[in-house]
>>> print(open('model10.txt').read())   # compact mmCIF, C-alpha atoms
# COMPACT_ATOMS: atom_id res chain seq x y z
CA MET A 1 0.56 -9.08 -3.49
CA GLN A 2 -1.92 -6.95 -5.41
CA ALA A 3 -4.32 -4.30 -4.16
CA THR A 4 -6.27 -1.25 -5.32
CA ALA A 5 -5.29 2.29 -4.34
CA TYR A 6 -7.99 3.65 -2.06
CA THR A 7 -6.72 6.93 -0.61
CA TYR A 8 -3.60 9.03 -1.14
CA ASP A 9 -2.47 12.32 0.40
CA ALA A 10 0.23 13.98 -1.72
CA GLY A 11 1.25 16.21 1.19
CA THR A 12 2.18 13.34 3.48
CA ARG A 13 2.80 10.75 0.72
CA SER A 14 0.69 8.27 2.69
CA GLY A 15 -2.66 6.63 2.15
CA SER A 16 -4.34 3.26 2.04
CA VAL A 17 -5.07 0.39 -0.31
CA LEU A 18 -7.90 -2.10 -0.47
CA LEU A 19 -6.94 -5.75 -0.53
CA ASP A 20 -8.93 -7.95 -2.88
CA ASP A 21 -11.16 -9.01 0.02
CA GLY A 22 -12.04 -5.34 0.66
CA THR A 23 -9.83 -4.88 3.72
CA PRO A 24 -8.28 -1.39 3.89
CA VAL A 25 -4.58 -1.31 4.84
CA PRO A 26 -2.70 1.96 5.41
CA PHE A 27 0.76 2.76 4.06
CA ASP A 28 3.20 5.46 5.11
CA ALA A 29 5.57 7.72 3.20
CA SER A 30 8.47 5.26 3.42
CA ALA A 31 6.42 2.56 1.62
CA PHE A 32 5.37 5.06 -1.05
CA ASP A 33 8.95 6.32 -1.52
CA ALA A 34 10.28 2.75 -1.81
CA GLY A 35 8.13 2.21 -4.90
CA GLY A 36 9.52 5.20 -6.78
CA LEU A 37 6.11 6.66 -7.61
CA ARG A 38 5.34 10.38 -7.92
CA LEU A 39 1.55 10.19 -7.68
CA LEU A 40 -1.14 7.64 -6.92
CA ARG A 41 -4.79 7.88 -7.90
CA PRO A 42 -7.65 5.98 -6.24
CA GLY A 43 -8.65 2.96 -8.29
CA GLN A 44 -5.19 2.20 -9.66
CA ARG A 45 -4.05 -1.40 -9.30
CA VAL A 46 -0.84 -1.58 -7.31
CA ARG A 47 1.65 -4.17 -6.19
CA ILE A 48 2.46 -4.10 -2.51
CA GLU A 49 4.99 -5.83 -0.32
CA VAL A 50 3.85 -6.56 3.20
CA GLU A 51 5.79 -7.21 6.38
CA ALA A 52 4.09 -9.74 8.66
CA PRO A 53 2.54 -8.18 11.75
CA GLU A 54 4.22 -8.63 15.08
CA VAL A 55 2.50 -11.33 17.08
CA ALA A 56 2.44 -10.62 20.80
CA ASP A 57 0.74 -12.87 23.32
CA GLY A 58 -1.05 -14.76 20.55
CA ALA A 59 -2.80 -11.66 19.19
CA GLY A 60 -2.23 -10.77 15.55
CA GLY A 61 -1.62 -7.25 14.40
CA THR A 62 -2.15 -5.26 11.23
CA PRO A 63 0.21 -6.03 8.35
CA ARG A 64 2.63 -3.21 7.49
CA ILE A 65 3.07 -2.24 3.85
CA THR A 66 6.74 -1.72 2.99
CA LEU A 67 6.39 -0.96 -0.73
CA VAL A 68 3.69 0.43 -3.05
CA THR A 69 4.26 0.49 -6.81
CA LEU A 70 2.15 0.23 -9.95
CA GLN A 71 1.04 -3.23 -11.00
CA THR A 72 2.65 -4.28 -14.27
CA PHE A 73 1.85 -7.35 -16.28
>>> encode(input="model10.txt", output="structure tokens")
Amino acid sequence: MQATAYTYDAGTRSGSVLLDDGTPVPFDASAFDAGGLRLLRPGQRVRIEVEAPEVADGAGGTPRITLVTLQTF
């Protein structure tokens, strides 16, 4: 899946991306570390891998990003 880097905090290695529909989705340090990146700047196109949200009692949750890396063609 593709997205655009929205925020990034180098101190915590976490941030958020914007999906193509404009939805912001946060990522944590483990997702950033899994991609092997050293830095991420807002506006960069990235490839993300997403784990489906847990569904409890019929209510959907927020997807969890498990990997953030640069988009390559």
>>> residues_near_point(input="model10.txt", point="(3.1, 10.5, -8.4)", cutoff="12 Å", atoms="all atoms listed in the file", output="number ranges by chain")
A: 8-11, 13-14, 32-33, 35-42, 44, 68-70
>>> closest_residue(input="model10.txt", among="A:Ile65, A:Thr72, A:Thr7, A:Gly43", to="Ser30 in chain A", atoms="all atoms listed in the file")
A:Ile65
>>> atom_distance(input="model10.txt", atom1="CA of Leu18 in chain A", atom2="CA of Ala34 in chain A")
18.9 Å
>>> atom_distance(input="model10.txt", atom1="CA of Val46 in chain A", atom2="CA of Thr23 in chain A")
14.6 Å
>>> axis_aligned_box(input="model10.txt", around="range 1-11 of chain A", padding_each_side="5 Å", output="JSON")
{"center_x": -3.4, "center_y": 3.6, "center_z": -2.1, "size_x": 19.2, "size_y": 35.3, "size_z": 16.6}
>>> closest_residue(input="model10.txt", among="A:Thr4, A:Gln71, A:Pro53, A:Ile48", to="Ala31 in chain A", atoms="only C-alpha atoms")
A:Ile48
>>> atom_distance(input="model10.txt", atom1="CA of Asp21 in chain A", atom2="CA of Arg64 in chain A")
16.7 Å
>>> residues_around(input="model10.txt", residues="Leu19 in chain A", least_positions_apart="2", cutoff="9 Å", atoms="all atoms listed in the file", output="ChimeraX atom specification")
/A:1-4,17,21-25
>>> closest_residue(input="model10.txt", among="A:Ala5, A:Leu67, A:Thr62, A:Asp28", to="Arg45 in chain A", atoms="only C-alpha atoms")
A:Ala5
>>> build_atoms(input="model10.txt", residues="range 28-39 of chain A", atoms="all heavy atoms", output="PDB file, keeping the file's coordinate frame")
ATOM      1  N   ASP A  28       2.584   4.187   4.732  1.00  0.00           N
ATOM      2  CA  ASP A  28       3.200   5.460   5.110  1.00  0.00           C
ATOM      3  C   ASP A  28       4.113   5.951   3.987  1.00  0.00           C
ATOM      4  O   ASP A  28       4.262   5.307   2.949  1.00  0.00           O
ATOM      5  CB  ASP A  28       3.932   5.348   6.439  1.00  0.00           C
ATOM      6  CG  ASP A  28       5.028   4.296   6.430  1.00  0.00           C
ATOM      7  OD1 ASP A  28       5.450   3.844   5.340  1.00  0.00           O
ATOM      8  OD2 ASP A  28       5.467   3.902   7.532  1.00  0.00           O
ATOM      9  N   ALA A  29       4.725   7.100   4.213  1.00  0.00           N
ATOM     10  CA  ALA A  29       5.570   7.720   3.200  1.00  0.00           C
ATOM     11  C   ALA A  29       6.750   6.840   2.816  1.00  0.00           C
ATOM     12  O   ALA A  29       7.145   6.811   1.644  1.00  0.00           O
ATOM     13  CB  ALA A  29       6.071   9.084   3.691  1.00  0.00           C
ATOM     14  N   SER A  30       7.317   6.092   3.752  1.00  0.00           N
ATOM     15  CA  SER A  30       8.470   5.260   3.420  1.00  0.00           C
ATOM     16  C   SER A  30       8.087   4.146   2.437  1.00  0.00           C
ATOM     17  O   SER A  30       8.867   3.805   1.549  1.00  0.00           O
ATOM     18  CB  SER A  30       9.112   4.679   4.676  1.00  0.00           C
ATOM     19  OG  SER A  30       8.219   3.822   5.352  1.00  0.00           O
ATOM     20  N   ALA A  31       6.887   3.588   2.567  1.00  0.00           N
ATOM     21  CA  ALA A  31       6.420   2.560   1.620  1.00  0.00           C
ATOM     22  C   ALA A  31       6.182   3.178   0.250  1.00  0.00           C
ATOM     23  O   ALA A  31       6.513   2.586  -0.781  1.00  0.00           O
ATOM     24  CB  ALA A  31       5.151   1.902   2.149  1.00  0.00           C
ATOM     25  N   PHE A  32       5.613   4.376   0.215  1.00  0.00           N
ATOM     26  CA  PHE A  32       5.370   5.060  -1.050  1.00  0.00           C
ATOM     27  C   PHE A  32       6.697   5.402  -1.720  1.00  0.00           C
ATOM     28  O   PHE A  32       6.886   5.154  -2.913  1.00  0.00           O
ATOM     29  CB  PHE A  32       4.541   6.325  -0.820  1.00  0.00           C
ATOM     30  CG  PHE A  32       4.181   7.029  -2.087  1.00  0.00           C
ATOM     31  CD1 PHE A  32       3.144   6.563  -2.881  1.00  0.00           C
ATOM     32  CD2 PHE A  32       4.874   8.148  -2.494  1.00  0.00           C
ATOM     33  CE1 PHE A  32       2.817   7.205  -4.071  1.00  0.00           C
ATOM     34  CE2 PHE A  32       4.549   8.801  -3.672  1.00  0.00           C
ATOM     35  CZ  PHE A  32       3.519   8.327  -4.467  1.00  0.00           C
ATOM     36  N   ASP A  33       7.648   5.945  -0.973  1.00  0.00           N
ATOM     37  CA  ASP A  33       8.950   6.320  -1.520  1.00  0.00           C
ATOM     38  C   ASP A  33       9.721   5.115  -2.038  1.00  0.00           C
ATOM     39  O   ASP A  33      10.450   5.212  -3.016  1.00  0.00           O
ATOM     40  CB  ASP A  33       9.776   7.062  -0.470  1.00  0.00           C
ATOM     41  CG  ASP A  33       9.191   8.425  -0.121  1.00  0.00           C
ATOM     42  OD1 ASP A  33       8.334   8.933  -0.873  1.00  0.00           O
ATOM     43  OD2 ASP A  33       9.580   8.967   0.934  1.00  0.00           O
ATOM     44  N   ALA A  34       9.573   3.959  -1.392  1.00  0.00           N
ATOM     45  CA  ALA A  34      10.280   2.750  -1.810  1.00  0.00           C
ATOM     46  C   ALA A  34       9.847   2.292  -3.200  1.00  0.00           C
ATOM     47  O   ALA A  34      10.621   1.665  -3.916  1.00  0.00           O
ATOM     48  CB  ALA A  34      10.047   1.630  -0.797  1.00  0.00           C
ATOM     49  N   GLY A  35       8.627   2.620  -3.596  1.00  0.00           N
ATOM     50  CA  GLY A  35       8.130   2.210  -4.900  1.00  0.00           C
ATOM     51  C   GLY A  35       8.517   3.120  -6.041  1.00  0.00           C
ATOM     52  O   GLY A  35       8.311   2.790  -7.203  1.00  0.00           O
ATOM     53  N   GLY A  36       9.065   4.285  -5.742  1.00  0.00           N
ATOM     54  CA  GLY A  36       9.520   5.200  -6.780  1.00  0.00           C
ATOM     55  C   GLY A  36       8.414   5.935  -7.521  1.00  0.00           C
ATOM     56  O   GLY A  36       8.648   6.485  -8.592  1.00  0.00           O
ATOM     57  N   LEU A  37       7.217   5.975  -6.967  1.00  0.00           N
ATOM     58  CA  LEU A  37       6.110   6.660  -7.610  1.00  0.00           C
ATOM     59  C   LEU A  37       6.140   8.157  -7.303  1.00  0.00           C
ATOM     60  O   LEU A  37       6.719   8.580  -6.303  1.00  0.00           O
ATOM     61  CB  LEU A  37       4.772   6.090  -7.138  1.00  0.00           C
ATOM     62  CG  LEU A  37       4.518   4.618  -7.442  1.00  0.00           C
ATOM     63  CD1 LEU A  37       3.200   4.178  -6.828  1.00  0.00           C
ATOM     64  CD2 LEU A  37       4.524   4.377  -8.940  1.00  0.00           C
ATOM     65  N   ARG A  38       5.474   8.941  -8.174  1.00  0.00           N
ATOM     66  CA  ARG A  38       5.340  10.380  -7.920  1.00  0.00           C
ATOM     67  C   ARG A  38       3.920  10.734  -7.513  1.00  0.00           C
ATOM     68  O   ARG A  38       3.691  11.749  -6.869  1.00  0.00           O
ATOM     69  CB  ARG A  38       5.730  11.172  -9.162  1.00  0.00           C
ATOM     70  CG  ARG A  38       7.188  11.012  -9.486  1.00  0.00           C
ATOM     71  CD  ARG A  38       7.683  11.767 -10.680  1.00  0.00           C
ATOM     72  NE  ARG A  38       6.687  12.453 -11.460  1.00  0.00           N
ATOM     73  CZ  ARG A  38       6.933  13.474 -12.242  1.00  0.00           C
ATOM     74  NH1 ARG A  38       8.143  13.938 -12.327  1.00  0.00           N
ATOM     75  NH2 ARG A  38       5.981  14.034 -12.948  1.00  0.00           N
ATOM     76  N   LEU A  39       2.953   9.916  -7.928  1.00  0.00           N
ATOM     77  CA  LEU A  39       1.550  10.190  -7.680  1.00  0.00           C
ATOM     78  C   LEU A  39       0.792   8.878  -7.682  1.00  0.00           C
ATOM     79  O   LEU A  39       1.190   7.930  -8.357  1.00  0.00           O
ATOM     80  CB  LEU A  39       0.991  11.110  -8.776  1.00  0.00           C
ATOM     81  CG  LEU A  39      -0.474  11.516  -8.676  1.00  0.00           C
ATOM     82  CD1 LEU A  39      -0.703  12.393  -7.444  1.00  0.00           C
ATOM     83  CD2 LEU A  39      -0.900  12.256  -9.932  1.00  0.00           C
TER      84      LEU A  39
END
